[in-house]
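Below you'll find the structure, written out as structure tokens, and then a few comments.
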Amino acid sequence: MKNSSEKNKLKWHFWIFFIPVFLWILLMFILPHADLVRLSFLTSDFVGKAVPTFQNYTNFFTEPIYWLTFVRTAVFSIVVTLIDLAIALPVAFFIAKVIGVRYRGLILILTMLPFWVSGMIRVYGWITMLRESGVVNSFLIKTGIADTPFQMIYNDASMVLCLSYVTILYMIIPIIGVMDSLDDSLIEAAYDLGANKLLIWFKIIIPHCVPGIISGSIVVFMYAMGSYLTPALVGGKNSLWFTQQIYNQFIHYFNWNQGAAFGMLLLVLSSLIIIITLKLSKQKLNEVVAK
Amino acid sequence: MNHIDLSVKNIVKKFGDFTAVDNVSFEVEDGDFFSILGPSGCGKTTLLRMIAGFYGQTSGVIEIGGQNMAAVEPNKRPVNLIFQHLALFPMMNVKENVAFGLKRRGEKGKVVYDKVDAMLERVGLPGFGERKIEELSGGQKQRVAIARSLIMKPTVLLLDEPLGALDLKLREHMKVELKKLQAEVGTTFVYITHDQSEAMVMSDYVAVMNEGRFEQIDTPQNLYKAPKSAFVAQFVGDNNKFTGILRLESNGNFIETEDNLKLKINQTVDMGDGERVEMYIRPEATIINPPETETFNSISTVVKAILFDGANSRLLVAIEGGRKELLVSLPQNRQYDNIKVKDTIQVGWDLSSSVCFKETGVKTYEEFE
């Protein structure tokens, strides 16, 4: 008797936690995406009736502007990921290994503080810094380094800079996590056996941090691929981002079918890039996430 | 005449106001097994890390193979360190771990792996090259760590309590194995430990360290037989301690204890009449029913407990009419099987087996009074 009631209790607990998760996934993820998939295989004929088609997908591959925008977006997202990685590794090392326990909390809070502000405000921060009448230009002119102000935003460089800035925390935090679990004596042992500092980074520290690097990179890459605001605000006239193509289809051309197909392509192709990268680096997704 | 591999002269290390290592000097000859023995916090790890190069010294000179090490980084020193928790690289297999140092030296190709195979064979792990570190047992990891350092042919191999994490049986086994290996390869070992048995069994020379200083550098036998300070007497082996007042008299010197015992001593002391002194006598030097002669002390005691521990069995006895307790070794040869708790027995010792120092109050642990 007691056993069966305990069993029922367990089931009851299970459902309490399972149902919200299930509803969340179903309503916010599966159903909208299912609808997107449905829309993406439809097109309107000349009387406005929806007919099934692959046209929306073939458009992507036949119109160079679309797939070139995607390639551009992917390449710049990889660049953003690499820049974040190059900055996050030394920063995480500093936080996890160099500063003492005493200042660690303070430094972590200082790192996170800017991220309590909305992403848009932070990008506007960069605009006030870099625009023609901005802080940097007026400083350069006042100190006589430059005679005339020059435009530093609305180009690819400023876009990559801002995207890296917006995403850097997603790289730093998981790397601090794995860096923490690195035994200091491994670094000392490598040093003792004759390795120099560069070799210690490449033979000991980075191999140890691979799980954190991979999970940080996935988040940063996906975030950059899917970001709309930053490229729109600081990218130049020619700095097309793939999300803008989706936006244009939905908002400017009212072509929801084409927009839905682009949305699916973004999801599938960027996931593919991640899967290939994981395969090449011999990592398993569930292991990376579990660490 | 062997030459000096490691020479440490007047080394001092301060962390802020705290002096971790206080004016320590010693020399280790080529091929010696030298141990530094001391309680935790005595500065032995700091000293070892200075020799390895991880800490700079506040003052003093470290010479390895005759070279001053002051400006030499750890990766350029002809010493290797075996870490307390071994610090094997989990991202590499056994072979890559052992080959790590050779590759950093610029050695390449088949030569490296031939050396690795030979070294793995030497430490008793032939064919283990492809294993992962987490697949190894504690003793096997130990051997990989030793192989990884020995393959570098260091002038001095430093060992930072590497047996500490092993369970008792394996530790006993590894002690003997390390000693044999050291004799075979002939490398100079500097070994630090808080375990006096490890130090005694393996070493040619042992330095006993306390509060940043060396109390005594000697052979294990001499440390045991002739400790030069109260700390060494307490830390090396077990000892019963009597405190009392020294009386110098024409018919022989003795110590008057709190329990009004008069304990004869026969060694020459450089202390005056009436000074407070400590006298030490080992449980294994104390005998039951001693001969009643001039060269023996004999006191009447009551048996409090029989502490049976096989070959290491002891009696806990209390001075009759007093509070002082002492340990007496109980040989397991059936001669003393009749002794029961609460019996009154005579115990005593040959005068030459006790040692005597000026009272310092040094304690190796909190004593129960």
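Ordered as shown in the structure tokens, chains take letters A, B, and onward, while each chain numbers its residues from 1 and ligands are numbered from 1 in the order shown.
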Return the neighbours of chain A among the residues of chain B, cut-off 6 Å, counting only C-alpha atoms, as JSON, numbers by chain. {"B": [74, 75, 87, 101, 104]}
Export of the given selection (N, CA and C atoms) as a tab-separated table (two decimals), in the first residue's frame:
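Result file is result-v3.tsv:
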chain	number	residue	atom	x	y	z
B	74	PRO	N	62.16	28.03	-13.53
B	74	PRO	CA	61.90	26.60	-13.25
B	74	PRO	C	62.04	25.71	-14.48
B	75	ASN	N	61.66	26.23	-15.66
B	75	ASN	CA	61.73	25.37	-16.85
B	75	ASN	C	63.14	25.17	-17.36
B	87	ALA	N	49.99	15.64	-10.48
B	87	ALA	CA	49.83	16.57	-11.58
B	87	ALA	C	50.13	15.92	-12.93
B	101	GLY	N	58.47	16.16	-21.29
B	101	GLY	CA	59.69	16.90	-21.01
B	101	GLY	C	60.73	16.78	-22.11
B	104	ARG	N	59.91	18.96	-25.02
B	104	ARG	CA	60.17	20.38	-24.74
B	104	ARG	C	61.65	20.70	-24.91
Enumerate, as a tab-separated table (two decimals) with N, CA and C atoms, in the first residue's frame, the complete set of residues in segment 91-273 of chain B that a backbone-based DSSP assignment places in helix (DSSP H, G or I).
chain	number	residue	atom	x	y	z
B	94	VAL	N	49.51	8.04	-21.22
B	94	VAL	CA	50.71	7.80	-20.42
B	94	VAL	C	51.98	8.15	-21.20
B	95	LYS	N	52.02	7.70	-22.45
B	95	LYS	CA	53.21	7.90	-23.29
B	95	LYS	C	53.49	9.40	-23.48
B	96	GLU	N	52.43	10.15	-23.79
B	96	GLU	CA	52.61	11.59	-24.03
B	96	GLU	C	53.02	12.31	-22.75
B	97	ASN	N	52.49	11.84	-21.61
B	97	ASN	CA	52.90	12.42	-20.34
B	97	ASN	C	54.40	12.25	-20.13
B	98	VAL	N	54.88	11.02	-20.33
B	98	VAL	CA	56.28	10.73	-20.05
B	98	VAL	C	57.18	11.44	-21.08
B	99	ALA	N	56.67	11.57	-22.32
B	99	ALA	CA	57.49	12.18	-23.37
B	99	ALA	C	57.49	13.71	-23.30
B	100	PHE	N	56.59	14.29	-22.48
B	100	PHE	CA	56.38	15.74	-22.47
B	100	PHE	C	57.69	16.52	-22.31
B	101	GLY	N	58.47	16.16	-21.29
B	101	GLY	CA	59.69	16.90	-21.01
B	101	GLY	C	60.73	16.78	-22.11
B	102	LEU	N	60.88	15.55	-22.64
B	102	LEU	CA	61.88	15.33	-23.71
B	102	LEU	C	61.54	16.18	-24.93
B	103	LYS	N	60.24	16.24	-25.27
B	103	LYS	CA	59.83	17.01	-26.44
B	103	LYS	C	60.10	18.50	-26.23
B	104	ARG	N	59.91	18.96	-25.02
B	104	ARG	CA	60.17	20.38	-24.74
B	104	ARG	C	61.65	20.70	-24.91
B	109	GLY	N	60.78	12.37	-32.57
B	109	GLY	CA	60.63	11.11	-33.28
B	109	GLY	C	60.80	9.87	-32.44
B	110	LYS	N	61.36	8.84	-33.10
B	110	LYS	CA	61.40	7.51	-32.52
B	110	LYS	C	62.26	7.45	-31.25
B	111	VAL	N	63.33	8.25	-31.22
B	111	VAL	CA	64.24	8.25	-30.08
B	111	VAL	C	63.47	8.51	-28.79
B	112	VAL	N	62.56	9.51	-28.87
B	112	VAL	CA	61.78	9.89	-27.70
B	112	VAL	C	60.98	8.69	-27.20
B	113	TYR	N	60.27	8.03	-28.13
B	113	TYR	CA	59.38	6.95	-27.69
B	113	TYR	C	60.15	5.70	-27.28
B	114	ASP	N	61.35	5.50	-27.84
B	114	ASP	CA	62.20	4.41	-27.35
B	114	ASP	C	62.57	4.66	-25.90
B	115	LYS	N	62.94	5.90	-25.62
B	115	LYS	CA	63.29	6.25	-24.23
B	115	LYS	C	62.10	6.08	-23.31
B	116	VAL	N	60.91	6.51	-23.81
B	116	VAL	CA	59.68	6.40	-23.00
B	116	VAL	C	59.41	4.94	-22.68
B	117	ASP	N	59.50	4.07	-23.70
B	117	ASP	CA	59.23	2.64	-23.48
B	117	ASP	C	60.21	2.05	-22.46
B	118	ALA	N	61.49	2.44	-22.59
B	118	ALA	CA	62.50	1.93	-21.66
B	118	ALA	C	62.19	2.40	-20.24
B	119	MET	N	61.78	3.66	-20.12
B	119	MET	CA	61.50	4.21	-18.79
B	119	MET	C	60.27	3.54	-18.17
B	120	LEU	N	59.23	3.33	-19.02
B	120	LEU	CA	58.01	2.68	-18.50
B	120	LEU	C	58.33	1.26	-18.04
B	121	GLU	N	59.23	0.60	-18.76
B	121	GLU	CA	59.64	-0.75	-18.36
B	121	GLU	C	60.35	-0.71	-17.01
B	122	ARG	N	61.19	0.30	-16.87
B	122	ARG	CA	61.97	0.43	-15.63
B	122	ARG	C	61.09	0.63	-14.40
B	133	ILE	N	45.18	8.43	-18.41
B	133	ILE	CA	45.56	8.63	-17.01
B	133	ILE	C	44.46	8.16	-16.06
B	134	GLU	N	43.18	8.45	-16.42
B	134	GLU	CA	42.11	8.10	-15.47
B	134	GLU	C	41.87	6.59	-15.39
B	135	GLU	N	42.50	5.83	-16.29
B	135	GLU	CA	42.35	4.38	-16.22
B	135	GLU	C	43.35	3.72	-15.26
B	138	GLY	N	46.09	4.10	-8.29
B	138	GLY	CA	46.92	5.07	-7.56
B	138	GLY	C	48.41	4.78	-7.68
B	139	GLY	N	48.78	3.50	-7.50
B	139	GLY	CA	50.19	3.13	-7.56
B	139	GLY	C	50.76	3.30	-8.96
B	140	GLN	N	49.93	3.02	-9.98
B	140	GLN	CA	50.40	3.17	-11.37
B	140	GLN	C	50.61	4.64	-11.71
B	141	LYS	N	49.69	5.51	-11.24
B	141	LYS	CA	49.86	6.95	-11.47
B	141	LYS	C	51.17	7.43	-10.86
B	142	GLN	N	51.43	6.93	-9.64
B	142	GLN	CA	52.66	7.24	-8.95
B	142	GLN	C	53.88	6.95	-9.82
B	143	ARG	N	53.85	5.77	-10.43
B	143	ARG	CA	54.99	5.34	-11.26
B	143	ARG	C	55.10	6.17	-12.52
B	144	VAL	N	53.96	6.55	-13.11
B	144	VAL	CA	54.02	7.39	-14.30
B	144	VAL	C	54.64	8.73	-13.95
B	145	ALA	N	54.25	9.29	-12.78
B	145	ALA	CA	54.80	10.57	-12.36
B	145	ALA	C	56.31	10.46	-12.17
B	146	ILE	N	56.75	9.36	-11.59
B	146	ILE	CA	58.19	9.16	-11.38
B	146	ILE	C	58.89	9.02	-12.72
B	147	ALA	N	58.28	8.25	-13.63
B	147	ALA	CA	58.88	8.06	-14.96
B	147	ALA	C	58.98	9.39	-15.70
B	148	ARG	N	57.93	10.21	-15.62
B	148	ARG	CA	57.89	11.49	-16.33
B	148	ARG	C	59.03	12.40	-15.88
B	149	SER	N	59.38	12.32	-14.59
B	149	SER	CA	60.46	13.16	-14.09
B	149	SER	C	61.83	12.52	-14.32
B	150	LEU	N	61.93	11.20	-14.07
B	150	LEU	CA	63.24	10.55	-14.17
B	150	LEU	C	63.78	10.54	-15.59
B	168	LEU	N	47.34	2.78	3.23
B	168	LEU	CA	48.48	2.35	4.05
B	168	LEU	C	49.31	1.24	3.42
B	169	LYS	N	48.65	0.16	2.96
B	169	LYS	CA	49.39	-0.99	2.44
B	169	LYS	C	50.22	-0.60	1.21
B	170	LEU	N	49.57	0.17	0.32
B	170	LEU	CA	50.26	0.57	-0.91
B	170	LEU	C	51.42	1.51	-0.58
B	171	ARG	N	51.21	2.35	0.43
B	171	ARG	CA	52.26	3.28	0.83
B	171	ARG	C	53.48	2.52	1.33
B	172	GLU	N	53.23	1.50	2.15
B	172	GLU	CA	54.32	0.68	2.65
B	172	GLU	C	55.10	0.05	1.49
B	173	HIS	N	54.34	-0.42	0.51
B	173	HIS	CA	54.94	-1.07	-0.65
B	173	HIS	C	55.74	-0.06	-1.48
B	174	MET	N	55.15	1.12	-1.72
B	174	MET	CA	55.81	2.12	-2.57
B	174	MET	C	57.08	2.67	-1.93
B	175	LYS	N	57.10	2.70	-0.59
B	175	LYS	CA	58.29	3.13	0.13
B	175	LYS	C	59.49	2.30	-0.29
B	176	VAL	N	59.31	0.99	-0.22
B	176	VAL	CA	60.39	0.07	-0.54
B	176	VAL	C	60.74	0.21	-2.02
B	177	GLU	N	59.70	0.35	-2.85
B	177	GLU	CA	59.92	0.43	-4.29
B	177	GLU	C	60.71	1.69	-4.67
B	178	LEU	N	60.33	2.82	-4.06
B	178	LEU	CA	61.04	4.07	-4.32
B	178	LEU	C	62.50	3.96	-3.93
B	179	LYS	N	62.74	3.36	-2.78
B	179	LYS	CA	64.10	3.21	-2.29
B	179	LYS	C	64.93	2.35	-3.26
B	180	LYS	N	64.31	1.26	-3.74
B	180	LYS	CA	65.02	0.38	-4.68
B	180	LYS	C	65.30	1.11	-5.98
B	181	LEU	N	64.29	1.85	-6.46
B	181	LEU	CA	64.42	2.58	-7.72
B	181	LEU	C	65.53	3.62	-7.62
B	182	GLN	N	65.58	4.29	-6.49
B	182	GLN	CA	66.59	5.33	-6.31
B	182	GLN	C	67.99	4.72	-6.32
B	183	ALA	N	68.11	3.56	-5.67
B	183	ALA	CA	69.41	2.88	-5.65
B	183	ALA	C	69.80	2.46	-7.07
B	184	GLU	N	68.82	2.02	-7.85
B	184	GLU	CA	69.07	1.57	-9.22
B	184	GLU	C	69.52	2.69	-10.14
B	185	VAL	N	68.76	3.80	-10.15
B	185	VAL	CA	69.06	4.86	-11.10
B	185	VAL	C	70.15	5.79	-10.59
B	196	GLN	N	57.33	10.26	9.55
B	196	GLN	CA	58.70	9.93	9.94
B	196	GLN	C	59.12	8.55	9.46
B	197	SER	N	58.13	7.65	9.31
B	197	SER	CA	58.50	6.31	8.87
B	197	SER	C	58.99	6.33	7.42
B	198	GLU	N	58.30	7.12	6.54
B	198	GLU	CA	58.78	7.27	5.16
B	198	GLU	C	60.21	7.80	5.15
B	199	ALA	N	60.45	8.84	5.93
B	199	ALA	CA	61.78	9.45	5.95
B	199	ALA	C	62.83	8.47	6.44
B	200	MET	N	62.51	7.75	7.51
B	200	MET	CA	63.49	6.85	8.11
B	200	MET	C	63.82	5.68	7.19
B	201	VAL	N	62.79	5.07	6.60
B	201	VAL	CA	63.00	3.87	5.81
B	201	VAL	C	63.82	4.16	4.56
B	202	MET	N	63.52	5.29	3.89
B	202	MET	CA	64.11	5.49	2.57
B	202	MET	C	65.43	6.25	2.57
B	220	PRO	N	69.20	8.41	9.71
B	220	PRO	CA	68.01	8.00	10.47
B	220	PRO	C	68.39	7.36	11.80
B	221	GLN	N	69.46	6.56	11.80
B	221	GLN	CA	69.86	5.88	13.03
B	221	GLN	C	70.23	6.88	14.12
B	222	ASN	N	71.00	7.90	13.74
B	222	ASN	CA	71.42	8.88	14.74
B	222	ASN	C	70.26	9.74	15.24
B	223	LEU	N	69.33	10.06	14.32
B	223	LEU	CA	68.16	10.83	14.74
B	223	LEU	C	67.40	10.08	15.81
B	224	TYR	N	67.34	8.78	15.61
B	224	TYR	CA	66.59	7.95	16.54
B	224	TYR	C	67.35	7.76	17.85
B	225	LYS	N	68.64	7.50	17.73
B	225	LYS	CA	69.42	7.17	18.92
B	225	LYS	C	69.87	8.40	19.68
B	230	ALA	N	64.77	18.62	21.88
B	230	ALA	CA	63.54	18.04	22.42
B	230	ALA	C	62.56	17.79	21.28
B	231	PHE	N	62.54	18.70	20.28
B	231	PHE	CA	61.60	18.54	19.17
B	231	PHE	C	61.89	17.25	18.40
B	232	VAL	N	63.17	17.02	18.10
B	232	VAL	CA	63.54	15.81	17.35
B	232	VAL	C	63.18	14.57	18.16
B	233	ALA	N	63.45	14.62	19.46
B	233	ALA	CA	63.14	13.48	20.32
B	233	ALA	C	61.65	13.14	20.26
B	234	GLN	N	60.81	14.18	20.20
B	234	GLN	CA	59.37	13.92	20.17
B	234	GLN	C	58.87	13.55	18.79
B	235	PHE	N	59.48	14.16	17.76
B	235	PHE	CA	58.93	13.98	16.41
B	235	PHE	C	59.37	12.69	15.76
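Take the candidates A:Ser118, A:Thr128, A:Thr277, A:Asn255 and check each one against Leu229 of chain A using only C-alpha atoms; the shortest distance goes to A:Ser118.
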Residue neighbourhood Lys304 of chain B, 12 Å, only C-alpha atoms, exclusion window fewer than 2 positions, as a ChimeraX atom specification: /B:301-302,306-307,314-320,323-328,339-345
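Put simply, atom CA of Cys42 of chain B is 13.2 Å away from atom CA of Val12 of chain B.
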Could you list, as a ChimeraX atom specification, every residue within 9 Å of Thr230 of chain A, counting only C-alpha atoms and ignoring same-chain residues fewer than 3 positions away? /A:119-120,123,159,162-163,166,227,233-235
Which residues are close to segment 215-222 of chain A, i.e. within 10 Å by only C-alpha atoms, leaving aside same-chain residues fewer than 2 positions away? Reply as a VMD selection string. chain A and resid 74 76 to 82 84 to 85 88 163 to 164 166 to 175 210 to 213 224 to 227 266 to 267 270 to 271 273 to 275 277 to 278 285 288 to 291
Output file for the residues above (N, CA and C atoms, as a CSV table (one decimal), in the first residue's frame):
chain,number,residue,atom,x,y,z
A,74,ALA,N,27.7,34.3,-41.7
A,74,ALA,CA,28.4,33.2,-41.1
A,74,ALA,C,29.9,33.6,-40.8
A,76,PHE,N,31.4,36.5,-40.6
A,76,PHE,CA,31.6,37.5,-39.6
A,76,PHE,C,31.2,37.0,-38.2
A,77,SER,N,30.2,36.1,-38.1
A,77,SER,CA,29.9,35.5,-36.8
A,77,SER,C,31.1,34.6,-36.3
A,78,ILE,N,31.8,34.0,-37.3
A,78,ILE,CA,32.9,33.2,-36.9
A,78,ILE,C,34.0,34.1,-36.4
A,79,VAL,N,34.2,35.3,-37.1
A,79,VAL,CA,35.2,36.2,-36.7
A,79,VAL,C,34.9,36.8,-35.3
A,80,VAL,N,33.6,37.1,-35.1
A,80,VAL,CA,33.2,37.6,-33.8
A,80,VAL,C,33.5,36.5,-32.7
A,81,THR,N,33.2,35.2,-33.0
A,81,THR,CA,33.5,34.2,-32.0
A,81,THR,C,35.0,34.1,-31.7
A,82,LEU,N,35.8,34.2,-32.8
A,82,LEU,CA,37.3,34.1,-32.6
A,82,LEU,C,37.8,35.3,-31.8
A,84,ASP,N,36.1,37.1,-29.6
A,84,ASP,CA,35.6,36.8,-28.2
A,84,ASP,C,36.5,35.8,-27.5
A,85,LEU,N,36.9,34.7,-28.2
A,85,LEU,CA,37.7,33.7,-27.6
A,85,LEU,C,39.1,34.2,-27.3
A,88,ALA,N,38.5,36.4,-24.3
A,88,ALA,CA,38.0,35.7,-23.1
A,88,ALA,C,39.0,34.8,-22.4
A,163,LEU,N,29.3,43.6,-32.0
A,163,LEU,CA,28.8,42.3,-31.8
A,163,LEU,C,29.7,41.5,-30.8
A,164,SER,N,31.0,41.7,-30.9
A,164,SER,CA,32.0,41.0,-30.0
A,164,SER,C,31.7,41.5,-28.6
A,166,VAL,N,28.9,42.8,-27.4
A,166,VAL,CA,27.6,42.4,-26.9
A,166,VAL,C,27.7,40.9,-26.4
A,167,THR,N,28.5,40.1,-27.1
A,167,THR,CA,28.5,38.7,-26.8
A,167,THR,C,29.6,38.2,-25.9
A,168,ILE,N,30.5,39.0,-25.5
A,168,ILE,CA,31.8,38.6,-24.9
A,168,ILE,C,31.5,37.8,-23.6
A,169,LEU,N,30.5,38.2,-22.8
A,169,LEU,CA,30.2,37.6,-21.5
A,169,LEU,C,29.8,36.1,-21.7
A,170,TYR,N,29.1,35.8,-22.8
A,170,TYR,CA,28.7,34.4,-23.0
A,170,TYR,C,29.9,33.5,-23.2
A,171,MET,N,31.1,34.1,-23.6
A,171,MET,CA,32.3,33.4,-23.8
A,171,MET,C,33.1,33.3,-22.5
A,172,ILE,N,33.1,34.4,-21.8
A,172,ILE,CA,33.9,34.5,-20.5
A,172,ILE,C,33.4,33.6,-19.5
A,173,ILE,N,32.1,33.6,-19.2
A,173,ILE,CA,31.6,32.9,-18.1
A,173,ILE,C,31.8,31.3,-18.2
A,174,PRO,N,31.5,30.7,-19.3
A,174,PRO,CA,31.8,29.2,-19.3
A,174,PRO,C,33.3,28.9,-19.2
A,175,ILE,N,34.1,29.8,-19.8
A,175,ILE,CA,35.5,29.5,-19.7
A,175,ILE,C,36.1,29.7,-18.3
A,210,VAL,N,38.7,23.1,-23.4
A,210,VAL,CA,37.9,22.9,-24.6
A,210,VAL,C,36.4,22.8,-24.4
A,211,PRO,N,35.9,22.1,-23.3
A,211,PRO,CA,34.4,22.1,-23.2
A,211,PRO,C,33.8,23.5,-23.0
A,212,GLY,N,34.5,24.3,-22.2
A,212,GLY,CA,34.0,25.7,-22.0
A,212,GLY,C,34.1,26.5,-23.3
A,213,ILE,N,35.2,26.3,-24.0
A,213,ILE,CA,35.4,27.1,-25.2
A,213,ILE,C,34.3,26.7,-26.2
A,224,ALA,N,25.3,35.7,-32.5
A,224,ALA,CA,25.7,36.7,-33.6
A,224,ALA,C,25.0,36.4,-34.9
A,225,MET,N,24.8,35.1,-35.2
A,225,MET,CA,24.1,34.8,-36.4
A,225,MET,C,22.6,35.4,-36.4
A,226,GLY,N,22.0,35.3,-35.2
A,226,GLY,CA,20.6,35.6,-35.1
A,226,GLY,C,20.4,37.1,-34.7
A,227,SER,N,21.5,37.8,-34.5
A,227,SER,CA,21.3,39.2,-34.0
A,227,SER,C,20.8,40.1,-35.1
A,266,LEU,N,18.3,29.7,-41.9
A,266,LEU,CA,19.2,30.2,-40.9
A,266,LEU,C,19.4,29.2,-39.7
A,267,LEU,N,18.3,28.6,-39.3
A,267,LEU,CA,18.3,27.6,-38.2
A,267,LEU,C,19.1,26.4,-38.6
A,270,SER,N,23.0,27.2,-39.7
A,270,SER,CA,23.9,27.5,-38.6
A,270,SER,C,24.1,26.3,-37.6
A,271,SER,N,23.0,25.5,-37.5
A,271,SER,CA,23.1,24.3,-36.7
A,271,SER,C,24.1,23.3,-37.4
A,273,ILE,N,26.7,24.2,-39.3
A,273,ILE,CA,28.0,24.7,-39.0
A,273,ILE,C,28.5,24.2,-37.7
A,274,ILE,N,27.7,24.3,-36.6
A,274,ILE,CA,28.1,23.9,-35.3
A,274,ILE,C,28.3,22.3,-35.3
A,275,ILE,N,27.4,21.6,-35.9
A,275,ILE,CA,27.6,20.1,-35.9
A,275,ILE,C,28.9,19.7,-36.6
A,277,THR,N,31.6,21.6,-36.9
A,277,THR,CA,32.7,22.0,-36.1
A,277,THR,C,32.9,21.0,-34.9
A,278,LEU,N,31.8,20.6,-34.3
A,278,LEU,CA,32.0,19.6,-33.2
A,278,LEU,C,32.6,18.3,-33.7
A,285,LEU,N,28.1,16.9,-28.4
A,285,LEU,CA,27.3,18.0,-27.9
A,285,LEU,C,26.9,17.7,-26.4
A,288,VAL,N,29.6,18.3,-23.9
A,288,VAL,CA,30.0,19.7,-23.8
A,288,VAL,C,29.0,20.4,-22.9
A,289,VAL,N,27.7,20.1,-23.2
A,289,VAL,CA,26.6,20.8,-22.4
A,289,VAL,C,26.6,20.3,-20.9
A,290,ALA,N,27.0,19.0,-20.7
A,290,ALA,CA,27.0,18.5,-19.4
A,290,ALA,C,28.1,19.1,-18.5
A,291,LYS,N,29.2,19.6,-19.1
A,291,LYS,CA,30.3,20.1,-18.3
A,291,LYS,C,30.2,21.5,-17.8
For Ser44 of chain A, work out the shell of residues within 10 Å, counting only C-alpha atoms and skipping chain neighbours fewer than 4 positions away, then give it as an MDAnalysis selection string. chainID A and resid 48:53 255 257
Considering only strand (DSSP E or B) as DSSP defines it on the backbone, what residues of segment 215-273 of chain B qualify? List them as a list in words. Glu215, Gln216, Ile217, Asp218, Asn240, Lys241, Phe242, Thr243, Gly244, Ile245, Leu246, Arg247, Asn253, Phe254, Ile255, Glu256, Thr257, Lys262, Leu263, Lys264 and Ile265 of chain B
Output N, CA and C atoms for every residue in the selection just made, as a JSON list (two decimals), in the first residue's frame.
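The new file selection10.json reads:
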[["chain", "number", "residue", "atom", "x", "y", "z"],
["B", 215, "GLU", "N", 66.31, 21.43, 12.68],
["B", 215, "GLU", "CA", 66.69, 21.11, 14.05],
["B", 215, "GLU", "C", 67.91, 20.20, 14.06],
["B", 216, "GLN", "N", 67.97, 19.29, 13.09],
["B", 216, "GLN", "CA", 69.07, 18.33, 13.06],
["B", 216, "GLN", "C", 69.14, 17.70, 11.68],
["B", 217, "ILE", "N", 70.35, 17.56, 11.14],
["B", 217, "ILE", "CA", 70.54, 16.79, 9.91],
["B", 217, "ILE", "C", 71.40, 15.60, 10.27],
["B", 218, "ASP", "N", 70.89, 14.40, 10.03],
["B", 218, "ASP", "CA", 71.64, 13.24, 10.47],
["B", 218, "ASP", "C", 71.16, 11.99, 9.74],
["B", 240, "ASN", "N", 58.43, 8.78, 25.68],
["B", 240, "ASN", "CA", 57.79, 9.21, 26.93],
["B", 240, "ASN", "C", 58.55, 10.41, 27.43],
["B", 241, "LYS", "N", 57.83, 11.40, 27.93],
["B", 241, "LYS", "CA", 58.48, 12.62, 28.38],
["B", 241, "LYS", "C", 58.29, 12.79, 29.89],
["B", 242, "PHE", "N", 59.40, 13.05, 30.59],
["B", 242, "PHE", "CA", 59.31, 13.44, 32.00],
["B", 242, "PHE", "C", 59.82, 14.86, 32.13],
["B", 243, "THR", "N", 59.10, 15.70, 32.86],
["B", 243, "THR", "CA", 59.66, 17.02, 33.14],
["B", 243, "THR", "C", 59.97, 17.08, 34.63],
["B", 244, "GLY", "N", 61.03, 17.79, 34.98],
["B", 244, "GLY", "CA", 61.40, 17.86, 36.39],
["B", 244, "GLY", "C", 62.57, 18.81, 36.60],
["B", 245, "ILE", "N", 63.12, 18.73, 37.79],
["B", 245, "ILE", "CA", 64.22, 19.64, 38.15],
["B", 245, "ILE", "C", 65.51, 18.84, 38.23],
["B", 246, "LEU", "N", 66.54, 19.38, 37.61],
["B", 246, "LEU", "CA", 67.84, 18.69, 37.55],
["B", 246, "LEU", "C", 68.56, 18.84, 38.89],
["B", 247, "ARG", "N", 69.06, 17.74, 39.41],
["B", 247, "ARG", "CA", 69.87, 17.78, 40.65],
["B", 247, "ARG", "C", 71.24, 17.20, 40.33],
["B", 253, "ASN", "N", 73.88, 12.22, 39.05],
["B", 253, "ASN", "CA", 72.86, 13.23, 38.74],
["B", 253, "ASN", "C", 71.51, 12.56, 38.63],
["B", 254, "PHE", "N", 70.46, 13.31, 38.99],
["B", 254, "PHE", "CA", 69.12, 12.77, 38.79],
["B", 254, "PHE", "C", 68.12, 13.89, 38.56],
["B", 255, "ILE", "N", 66.93, 13.49, 38.14],
["B", 255, "ILE", "CA", 65.85, 14.45, 37.89],
["B", 255, "ILE", "C", 64.74, 14.19, 38.88],
["B", 256, "GLU", "N", 64.26, 15.27, 39.50],
["B", 256, "GLU", "CA", 63.17, 15.17, 40.45],
["B", 256, "GLU", "C", 61.88, 15.55, 39.73],
["B", 257, "THR", "N", 60.95, 14.63, 39.58],
["B", 257, "THR", "CA", 59.73, 14.94, 38.83],
["B", 257, "THR", "C", 58.62, 15.40, 39.75],
["B", 262, "LYS", "N", 62.69, 10.07, 41.62],
["B", 262, "LYS", "CA", 64.09, 10.46, 41.40],
["B", 262, "LYS", "C", 64.61, 9.58, 40.29],
["B", 263, "LEU", "N", 64.78, 10.16, 39.09],
["B", 263, "LEU", "CA", 65.22, 9.39, 37.93],
["B", 263, "LEU", "C", 66.69, 9.69, 37.67],
["B", 264, "LYS", "N", 67.48, 8.62, 37.75],
["B", 264, "LYS", "CA", 68.92, 8.79, 37.54],
["B", 264, "LYS", "C", 69.22, 9.06, 36.07],
["B", 265, "ILE", "N", 70.20, 9.92, 35.82],
["B", 265, "ILE", "CA", 70.70, 10.08, 34.45],
["B", 265, "ILE", "C", 72.21, 9.96, 34.48]]
If you count only C-alpha atoms, which residues fall within 6 Å of segment 17-31 of chain B, apart from same-chain ones fewer than 2 positions away, as a ChimeraX atom specification? /B:2-15,43,186-188,212-213
